[in-house]
>>> print(open('structure.tsv').read())   # TSV, C-alpha atoms
chain	number	residue	atom	x	y	z
H	242	MET	CA	0.00	0.00	0.00
H	243	ALA	CA	2.89	2.29	0.78
H	244	ILE	CA	4.57	1.45	-2.50
H	245	LEU	CA	1.25	1.92	-4.36
H	246	SER	CA	0.74	5.27	-2.71
H	247	LEU	CA	4.20	6.43	-3.66
H	248	VAL	CA	3.66	5.31	-7.27
H	249	LEU	CA	0.30	7.12	-7.47
H	250	MET	CA	1.80	10.28	-5.99
H	251	THR	CA	4.69	10.21	-8.46
H	252	VAL	CA	2.44	9.61	-11.45
H	253	ASP	CA	-0.01	12.35	-10.34
H	254	HIS	CA	2.81	14.79	-9.70
H	255	ARG	CA	4.38	14.28	-13.12
H	256	HIS	CA	1.39	13.58	-15.36
H	257	HIS	CA	-1.63	14.96	-13.35
H	258	HIS	CA	-3.74	11.91	-14.13
H	259	LEU	CA	-5.63	12.06	-10.76
H	260	GLN	CA	-6.69	15.76	-11.00
H	261	GLU	CA	-10.16	14.89	-12.21
H	262	VAL	CA	-10.59	12.26	-9.49
H	263	ARG	CA	-9.57	14.77	-6.84
H	264	SER	CA	-12.01	17.34	-8.13
H	265	TRP	CA	-14.84	14.82	-8.08
H	266	LEU	CA	-14.03	13.76	-4.52
H	267	SER	CA	-13.88	17.41	-3.40
H	268	SER	CA	-17.35	18.05	-4.85
H	269	ALA	CA	-18.71	14.95	-3.18
H	270	VAL	CA	-17.29	15.87	0.21
H	271	TYR	CA	-18.34	19.63	0.11
H	272	PRO	CA	-21.95	19.08	1.32
H	273	ILE	CA	-20.62	17.11	4.27
H	274	GLN	CA	-18.16	19.93	5.12
H	275	TYR	CA	-20.88	22.58	4.72
H	276	ALA	CA	-23.28	20.64	6.96
H	277	ALA	CA	-20.58	20.20	9.58
H	278	ASP	CA	-19.76	23.94	9.54
H	279	LEU	CA	-23.40	25.11	9.40
H	280	PRO	CA	-24.06	25.19	13.21
H	281	VAL	CA	-20.97	27.36	13.72
H	282	ARG	CA	-22.00	29.77	10.98
H	283	LEU	CA	-25.60	29.90	12.20
H	284	SER	CA	-24.47	30.62	15.74
H	285	ALA	CA	-22.21	33.45	14.55
H	286	TRP	CA	-25.02	34.94	12.39
H	287	VAL	CA	-27.57	34.86	15.22
H	288	SER	CA	-25.08	36.45	17.60
H	289	GLU	CA	-24.28	39.19	15.07
H	290	GLN	CA	-27.94	39.89	14.35
H	291	PHE	CA	-28.84	40.07	18.04
H	292	SER	CA	-25.90	42.33	18.77
H	293	THR	CA	-26.79	44.59	15.82
H	294	HIS	CA	-30.43	44.78	16.92
H	295	GLN	CA	-29.47	45.67	20.47
H	296	SER	CA	-27.05	48.28	19.18
H	297	LEU	CA	-29.71	49.79	16.91
H	298	VAL	CA	-32.27	49.87	19.72
H	299	ALA	CA	-29.80	51.56	22.08
H	300	HIS	CA	-28.73	54.02	19.38
H	301	ASN	CA	-32.36	54.80	18.52
H	302	ARG	CA	-33.19	55.37	22.18
H	303	ALA	CA	-30.19	57.70	22.55
H	304	LEU	CA	-31.26	59.65	19.47
H	305	GLN	CA	-34.82	59.99	20.77
H	306	GLU	CA	-33.58	61.31	24.12
H	307	GLU	CA	-31.23	63.73	22.37
H	308	ASN	CA	-34.07	64.89	20.08
H	309	LEU	CA	-36.36	65.47	23.07
H	310	LEU	CA	-33.65	67.46	24.85
H	311	LEU	CA	-32.91	69.55	21.77
H	312	ARG	CA	-36.62	70.23	21.20
H	313	SER	CA	-37.07	71.38	24.79
H	314	ARG	CA	-34.06	73.67	24.40
H	315	MET	CA	-35.45	74.95	21.11
H	316	LEU	CA	-38.75	75.81	22.80
H	317	ARG	CA	-36.85	77.72	25.45
H	318	PHE	CA	-34.82	79.53	22.79
H	319	GLU	CA	-38.01	80.44	20.92
H	320	ALA	CA	-39.50	81.81	24.13
H	321	LEU	CA	-36.33	83.81	24.81
H	322	GLU	CA	-36.31	85.08	21.24
H	323	ALA	CA	-39.93	86.21	21.54
H	324	GLU	CA	-39.16	87.87	24.86
H	325	ASN	CA	-36.16	89.66	23.32
H	326	VAL	CA	-38.36	90.90	20.49
H	327	ARG	CA	-40.91	92.27	22.96
H	328	LEU	CA	-38.22	93.94	25.04
H	329	ARG	CA	-36.61	95.48	21.96
H	330	GLU	CA	-40.00	96.85	20.92
H	331	LEU	CA	-40.51	98.32	24.39
H	332	LEU	CA	-37.02	99.82	24.43
H	333	ASP	CA	-37.54	101.28	20.95
H	334	THR	CA	-40.81	102.78	22.17
H	335	ALA	CA	-39.08	104.17	25.26
H	336	GLU	CA	-36.38	105.80	23.11
H	337	ARG	CA	-39.02	107.51	20.97
H	338	LEU	CA	-40.83	108.92	23.98
H	339	GLN	CA	-39.79	112.11	25.70
H	340	GLU	CA	-41.45	111.09	28.96
H	341	GLN	CA	-39.73	108.99	31.59
H	342	VAL	CA	-40.56	105.28	31.32
H	343	VAL	CA	-39.70	102.08	33.22
H	344	ILE	CA	-40.27	98.49	32.08
H	345	ALA	CA	-42.45	96.45	34.45
H	346	GLN	CA	-43.12	92.71	34.40
H	347	LEU	CA	-46.58	91.23	34.92
H	348	LEU	CA	-46.68	89.07	38.06
H	349	SER	CA	-50.30	87.93	37.71
H	350	VAL	CA	-53.26	88.55	35.43
H	351	ASP	CA	-56.95	88.65	36.29
H	352	LEU	CA	-59.11	88.69	33.14
H	353	ASP	CA	-62.42	88.02	34.83
H	354	PRO	CA	-65.24	89.59	32.78
H	355	PHE	CA	-66.07	91.84	35.73
H	356	ARG	CA	-62.48	92.68	36.72
H	357	GLN	CA	-59.64	93.19	34.26
H	358	GLN	CA	-56.54	93.77	36.38
H	359	VAL	CA	-52.84	92.88	36.43
H	360	VAL	CA	-50.20	92.92	39.15
H	361	LEU	CA	-46.86	94.56	38.31
H	362	ASP	CA	-43.43	94.03	39.88
H	363	LYS	CA	-42.94	97.77	40.47
H	364	GLY	CA	-44.28	99.69	43.47
H	365	SER	CA	-43.82	102.81	45.53
H	366	ARG	CA	-40.09	102.10	45.84
H	367	HIS	CA	-39.92	102.72	42.08
H	368	GLN	CA	-41.93	105.99	42.31
H	369	VAL	CA	-45.10	104.38	40.96
H	370	TYR	CA	-48.23	106.36	41.79
H	371	PRO	CA	-52.00	105.72	41.52
H	372	GLY	CA	-53.41	106.66	38.13
H	373	GLN	CA	-50.07	106.26	36.36
H	374	PRO	CA	-50.52	105.35	32.66
H	375	LEU	CA	-49.41	101.97	31.32
H	376	ILE	CA	-48.49	101.41	27.68
H	377	ASN	CA	-46.62	98.87	25.59
H	378	ALA	CA	-45.09	98.90	22.11
H	379	ALA	CA	-48.54	98.72	20.47
H	380	GLY	CA	-50.67	101.11	22.50
H	381	VAL	CA	-52.32	102.02	25.79
H	382	VAL	CA	-52.71	99.17	28.33
H	383	GLY	CA	-54.31	100.78	31.37
H	384	GLN	CA	-53.44	102.69	34.53
H	385	VAL	CA	-52.24	101.96	38.04
H	386	LEU	CA	-55.05	101.38	40.52
H	387	GLU	CA	-53.25	100.49	43.78
H	388	VAL	CA	-49.63	100.96	44.81
H	389	HIS	CA	-47.73	98.90	47.36
H	390	ALA	CA	-44.10	98.92	48.40
H	391	PHE	CA	-42.87	96.23	46.00
H	392	ASN	CA	-45.74	95.82	43.53
H	393	SER	CA	-48.81	97.55	42.22
H	394	VAL	CA	-52.21	96.69	40.76
H	395	ALA	CA	-53.19	98.12	37.38
H	396	LEU	CA	-56.60	98.43	35.78
H	397	LEU	CA	-56.76	97.50	32.10
H	398	ILE	CA	-58.66	99.65	29.63
H	399	SER	CA	-60.91	96.63	28.98
H	400	ASP	CA	-62.24	96.67	32.57
H	401	PRO	CA	-65.99	97.45	32.57
H	402	SER	CA	-65.45	100.32	35.04
H	403	HIS	CA	-62.75	102.04	32.95
H	404	ALA	CA	-63.41	104.88	30.51
H	405	LEU	CA	-60.70	106.60	28.53
H	406	PRO	CA	-61.01	109.96	26.70
H	407	VAL	CA	-60.02	109.32	23.08
H	408	GLN	CA	-60.27	110.84	19.65
H	409	VAL	CA	-60.47	109.51	16.10
H	410	ASN	CA	-57.19	110.23	14.33
H	411	ARG	CA	-58.78	110.72	10.91
H	412	THR	CA	-61.46	113.25	11.92
H	413	GLY	CA	-60.47	114.46	15.39
H	414	LEU	CA	-63.84	113.33	16.82
H	415	ARG	CA	-63.59	113.01	20.62
H	416	THR	CA	-65.42	110.32	22.58
H	417	LEU	CA	-65.02	107.81	25.42
H	418	ALA	CA	-63.56	104.30	25.05
H	419	VAL	CA	-65.29	102.18	27.70
H	420	GLY	CA	-64.20	98.68	28.72
H	421	THR	CA	-66.54	95.75	28.16
H	422	GLY	CA	-64.84	92.98	30.17
H	423	ASN	CA	-63.56	91.51	26.90
H	424	PRO	CA	-59.85	92.22	26.24
H	425	GLU	CA	-60.61	92.22	22.51
H	426	ARG	CA	-63.39	94.85	22.56
H	427	LEU	CA	-64.03	98.43	23.68
H	428	ASP	CA	-67.22	100.46	23.28
H	429	LEU	CA	-67.04	104.00	21.94
H	430	ARG	CA	-69.80	106.02	23.57
H	431	PHE	CA	-71.86	109.12	22.77
H	432	ILE	CA	-71.17	109.23	19.02
H	433	PRO	CA	-74.08	110.70	17.07
H	434	PRO	CA	-75.18	108.66	14.04
H	435	SER	CA	-74.32	111.53	11.72
H	436	GLU	CA	-70.62	111.56	12.71
H	437	ASP	CA	-68.04	110.33	10.22
H	438	ILE	CA	-66.52	107.20	11.76
H	439	ARG	CA	-65.64	104.05	9.87
H	440	ARG	CA	-64.23	100.59	10.36
H	441	GLY	CA	-60.44	100.70	10.44
H	442	ASP	CA	-60.21	104.16	12.06
H	443	ILE	CA	-57.45	104.40	14.66
H	444	ILE	CA	-58.41	105.76	18.07
H	445	SER	CA	-55.83	107.62	20.18
H	446	THR	CA	-55.79	109.30	23.56
H	447	SER	CA	-57.12	112.85	23.46
H	448	GLY	CA	-55.18	114.15	26.46
H	449	LEU	CA	-58.33	115.44	28.15
H	450	GLY	CA	-58.42	114.96	31.90
H	451	GLY	CA	-54.65	115.26	32.30
H	452	ARG	CA	-54.00	111.61	33.13
H	453	PHE	CA	-53.06	110.09	29.76
H	454	PRO	CA	-50.86	112.11	27.39
H	455	ALA	CA	-52.36	112.83	23.99
H	456	ASP	CA	-51.78	110.91	20.77
H	457	TYR	CA	-51.08	107.45	22.20
H	458	PRO	CA	-52.78	104.76	20.06
H	459	VAL	CA	-55.58	102.94	21.86
H	460	ALA	CA	-57.73	100.87	19.49
H	461	GLN	CA	-58.98	100.30	15.96
H	462	VAL	CA	-62.64	100.57	15.05
H	463	THR	CA	-64.07	97.15	14.12
H	464	ARG	CA	-67.82	97.75	14.01
H	465	VAL	CA	-70.13	100.70	13.35
H	466	GLU	CA	-73.91	100.47	13.54
H	467	ARG	CA	-76.45	103.29	13.27
H	468	PRO	CA	-79.79	101.87	14.48
H	469	PRO	CA	-82.79	103.89	13.32
H	470	GLY	CA	-84.30	106.01	16.09
H	471	GLU	CA	-81.26	105.73	18.37
H	472	SER	CA	-79.56	108.89	19.61
H	473	PHE	CA	-76.06	107.38	19.43
H	474	ALA	CA	-74.30	104.99	17.07
H	475	ARG	CA	-73.02	101.65	18.31
H	476	VAL	CA	-69.29	101.59	17.76
H	477	GLU	CA	-66.86	98.88	18.83
H	478	ALA	CA	-63.06	98.88	18.68
H	479	ARG	CA	-60.28	96.36	19.27
H	480	PRO	CA	-57.43	97.42	21.61
H	481	LEU	CA	-54.09	97.63	19.83
H	482	ALA	CA	-52.08	96.65	22.91
H	483	ARG	CA	-53.20	92.96	22.86
H	484	LEU	CA	-54.15	93.06	26.52
H	485	ASP	CA	-54.42	89.28	26.94
H	486	ARG	CA	-50.92	88.62	25.55
H	487	SER	CA	-48.64	91.27	27.06
H	488	ARG	CA	-45.98	90.15	29.53
H	489	GLU	CA	-44.17	93.47	29.92
H	490	VAL	CA	-45.48	97.03	30.02
H	491	LEU	CA	-44.06	100.52	30.25
H	492	LEU	CA	-44.85	102.68	33.26
H	493	LEU	CA	-45.14	106.21	31.94
H	494	TRP	CA	-44.35	109.44	33.81
H	495	PRO	CA	-46.02	112.18	31.73
H	496	ALA	CA	-45.21	114.60	34.58
H	497	GLN	CA	-43.08	114.56	37.71
H	498	PRO	CA	-44.24	111.92	40.27
H	499	ASP	CA	-44.95	114.66	42.82
H	500	GLN	CA	-47.38	116.28	40.37
H	501	GLU	CA	-49.96	113.50	40.54
H	502	PRO	CA	-53.32	114.39	39.05
H	503	ASP	CA	-56.02	115.01	41.59
H	504	THR	CA	-58.81	113.58	39.45
H	505	PRO	CA	-60.08	110.10	40.28
H	506	LEU	CA	-59.61	107.06	38.03
H	507	GLU	CA	-61.76	107.01	34.94
H	508	LEU	CA	-65.03	105.22	35.53
H	509	ALA	CA	-67.42	104.25	32.81
H	510	PRO	CA	-70.55	106.40	32.85
H	511	PRO	CA	-73.90	104.59	33.18
H	512	GLU	CA	-75.72	103.62	30.04
H	513	PRO	CA	-78.19	106.39	29.01
H	514	THR	CA	-81.73	105.14	29.45
H	515	GLU	CA	-83.23	107.73	27.15
H	516	PRO	CA	-81.93	110.51	24.91
H	517	PRO	CA	-81.22	113.67	26.92
H	518	PRO	CA	-83.02	116.91	26.04
H	519	PRO	CA	-81.33	118.96	23.32
H	520	ASP	CA	-80.54	121.82	25.70
H	521	ASP	CA	-78.86	119.54	28.25
H	522	THR	CA	-76.95	117.25	25.90
H	523	GLU	CA	-73.30	117.20	26.87
H	524	ASP	CA	-70.63	117.50	24.27
H	525	PRO	CA	-68.06	114.69	24.66
H	526	ASP	CA	-65.42	117.40	24.28
H	527	ALA	CA	-66.52	119.11	27.51
H	528	ASP	CA	-64.72	118.50	30.82
H	529	GLU	CA	-68.03	117.83	32.57
H	530	VAL	CA	-68.47	114.62	30.58
H	531	ILE	CA	-64.89	113.37	30.41
H	532	HIS	CA	-63.25	112.66	33.76
H	533	GLY	CA	-59.79	111.44	34.38
>>> encode(input="structure.tsv", output="structure tokens")
Amino acid sequence: MAILSLVLMTVDHRHHHLQEVRSWLSSAVYPIQYAADLPVRLSAWVSEQFSTHQSLVAHNRALQEENLLLRSRMLRFEALEAENVRLRELLDTAERLQEQVVIAQLLSVDLDPFRQQVVLDKGSRHQVYPGQPLINAAGVVGQVLEVHAFNSVALLISDPSHALPVQVNRTGLRTLAVGTGNPERLDLRFIPPSEDIRRGDIISTSGLGGRFPADYPVAQVTRVERPPGESFARVEARPLARLDRSREVLLLWPAQPDQEPDTPLELAPPEPTEPPPPDDTEDPDADEVIHG
């Protein structure tokens, strides 16, 4: 057998007569080799797939947490950006004004239909006084009602008890803007049906009463009705100051703090029950009608 093996090896080495036999044997044995190696390969594949799945799950979880963190930071940045925009608008307004102004933050807001008030973080230590006007970058907000050492309470122009002397910019018509309890609506009182007032007219402070300086924007007319037989037109306006969205306001000193006006806060006059006699009808321009 040894001699036969040596002869076969020599013949195959020199003449390659057994190459085909070797190839056939290799093909016959390959399925057996593949079947023997299959458990090892399957084990390696399962381990790789499980490891890849775990890695993907962990990576996905990390990305979700990072996304949530970045979104929360983005919300904060958007809030800071909006606050910066509001403060820049207030500062630009303060630079345009000749009167002394101070920025005040709103500590709390009460928008009850029967009481429209806000609490400010400025008080008597900051020279705040009762009746002091409040404005923001868009228009008139209200006036200070009560003053304490470290804070103060302000009455919004939308409060039902508040009335503000105003005039129509386009025509100069003077009237009263009375709060309705709705921060989106004011009533303009005592306007005869024959007066020229239209939707879109801008209403500004008239300066009468000495509390609010003149020419500060207040509202825009949104509705005008002239009912037949009525003595006055029904006119509504929307405040420009966005009373239910402001977070900062400007405390305005139209005069020195020691020169506080002696007139009381503006109060809305009662609804007229019947048209007054012609001889006794008050002109809205007169001081007897407009207080504050």
>>> atom_distance(input="structure.tsv", atom1="atom CA of Leu397 of chain H", atom2="atom CA of Gln384 of chain H")
6.6 Å
>>> closest_residue(input="structure.tsv", among="H:Tyr275, H:Trp494, H:Phe431, H:Trp265", to="Leu375 of chain H", atoms="all atoms listed in the file")
H:Trp494
>>> atom_distance(input="structure.tsv", atom1="atom CA of Leu245 of chain H", atom2="atom CA of Ala269 of chain H")
23.9 Å
>>> residues_around(input="structure.tsv", residues="Val394 of chain H", least_positions_apart="3", cutoff="8 Å", atoms="only C-alpha atoms", output="number ranges by chain")
H: 358-361, 385-388
>>> closest_residue(input="structure.tsv", among="H:Val407, H:Ala418, H:Ile438, H:Leu247", to="Glu466 of chain H", atoms="only C-alpha atoms")
H:Ile438
>>> residues_around(input="structure.tsv", residues="Ser487 of chain H", least_positions_apart="3", cutoff="12 Å", atoms="only C-alpha atoms", output="number ranges by chain")
H: 323-324, 327-328, 330-331, 345-350, 359, 361, 375-383, 397, 424, 481-484, 490-491
>>> closest_residue(input="structure.tsv", among="H:Leu492, H:Leu405, H:Ala299, H:Leu427", to="Gly450 of chain H", atoms="all atoms listed in the file")
H:Leu405
>>> closest_residue(input="structure.tsv", among="H:Leu310, H:Leu493, H:Ile244, H:Val462", to="Ala478 of chain H", atoms="all atoms listed in the file")
H:Val462
>>> closest_residue(input="structure.tsv", among="H:Phe453, H:Leu304, H:Ala404, H:Leu417", to="Pro374 of chain H", atoms="all atoms listed in the file")
H:Phe453
>>> closest_residue(input="structure.tsv", among="H:Val459, H:Pro454, H:Pro469, H:Arg415", to="Glu340 of chain H", atoms="all atoms listed in the file")
H:Pro454
>>> residues_around(input="structure.tsv", residues="segment 398-403 of chain H", least_positions_apart="5", cutoff="7 Å", atoms="only C-alpha atoms", output="mmCIF file with C-alpha atoms, in the frame of the given file")
data_model
loop_
_atom_site.group_PDB
_atom_site.id
_atom_site.type_symbol
_atom_site.label_atom_id
_atom_site.label_comp_id
_atom_site.auth_asym_id
_atom_site.auth_seq_id
_atom_site.Cartn_x
_atom_site.Cartn_y
_atom_site.Cartn_z
ATOM 1 C CA PHE H 355 -66.070 91.840 35.730
ATOM 2 C CA ARG H 356 -62.480 92.680 36.720
ATOM 3 C CA GLN H 357 -59.640 93.190 34.260
ATOM 4 C CA VAL H 382 -52.710 99.170 28.330
ATOM 5 C CA GLY H 383 -54.310 100.780 31.370
ATOM 6 C CA VAL H 419 -65.290 102.180 27.700
ATOM 7 C CA GLY H 420 -64.200 98.680 28.720
ATOM 8 C CA THR H 421 -66.540 95.750 28.160
ATOM 9 C CA GLY H 422 -64.840 92.980 30.170
ATOM 10 C CA ASN H 423 -63.560 91.510 26.900
ATOM 11 C CA PRO H 424 -59.850 92.220 26.240
ATOM 12 C CA LEU H 427 -64.030 98.430 23.680
ATOM 13 C CA GLU H 507 -61.760 107.010 34.940
ATOM 14 C CA LEU H 508 -65.030 105.220 35.530
ATOM 15 C CA ALA H 509 -67.420 104.250 32.810
#
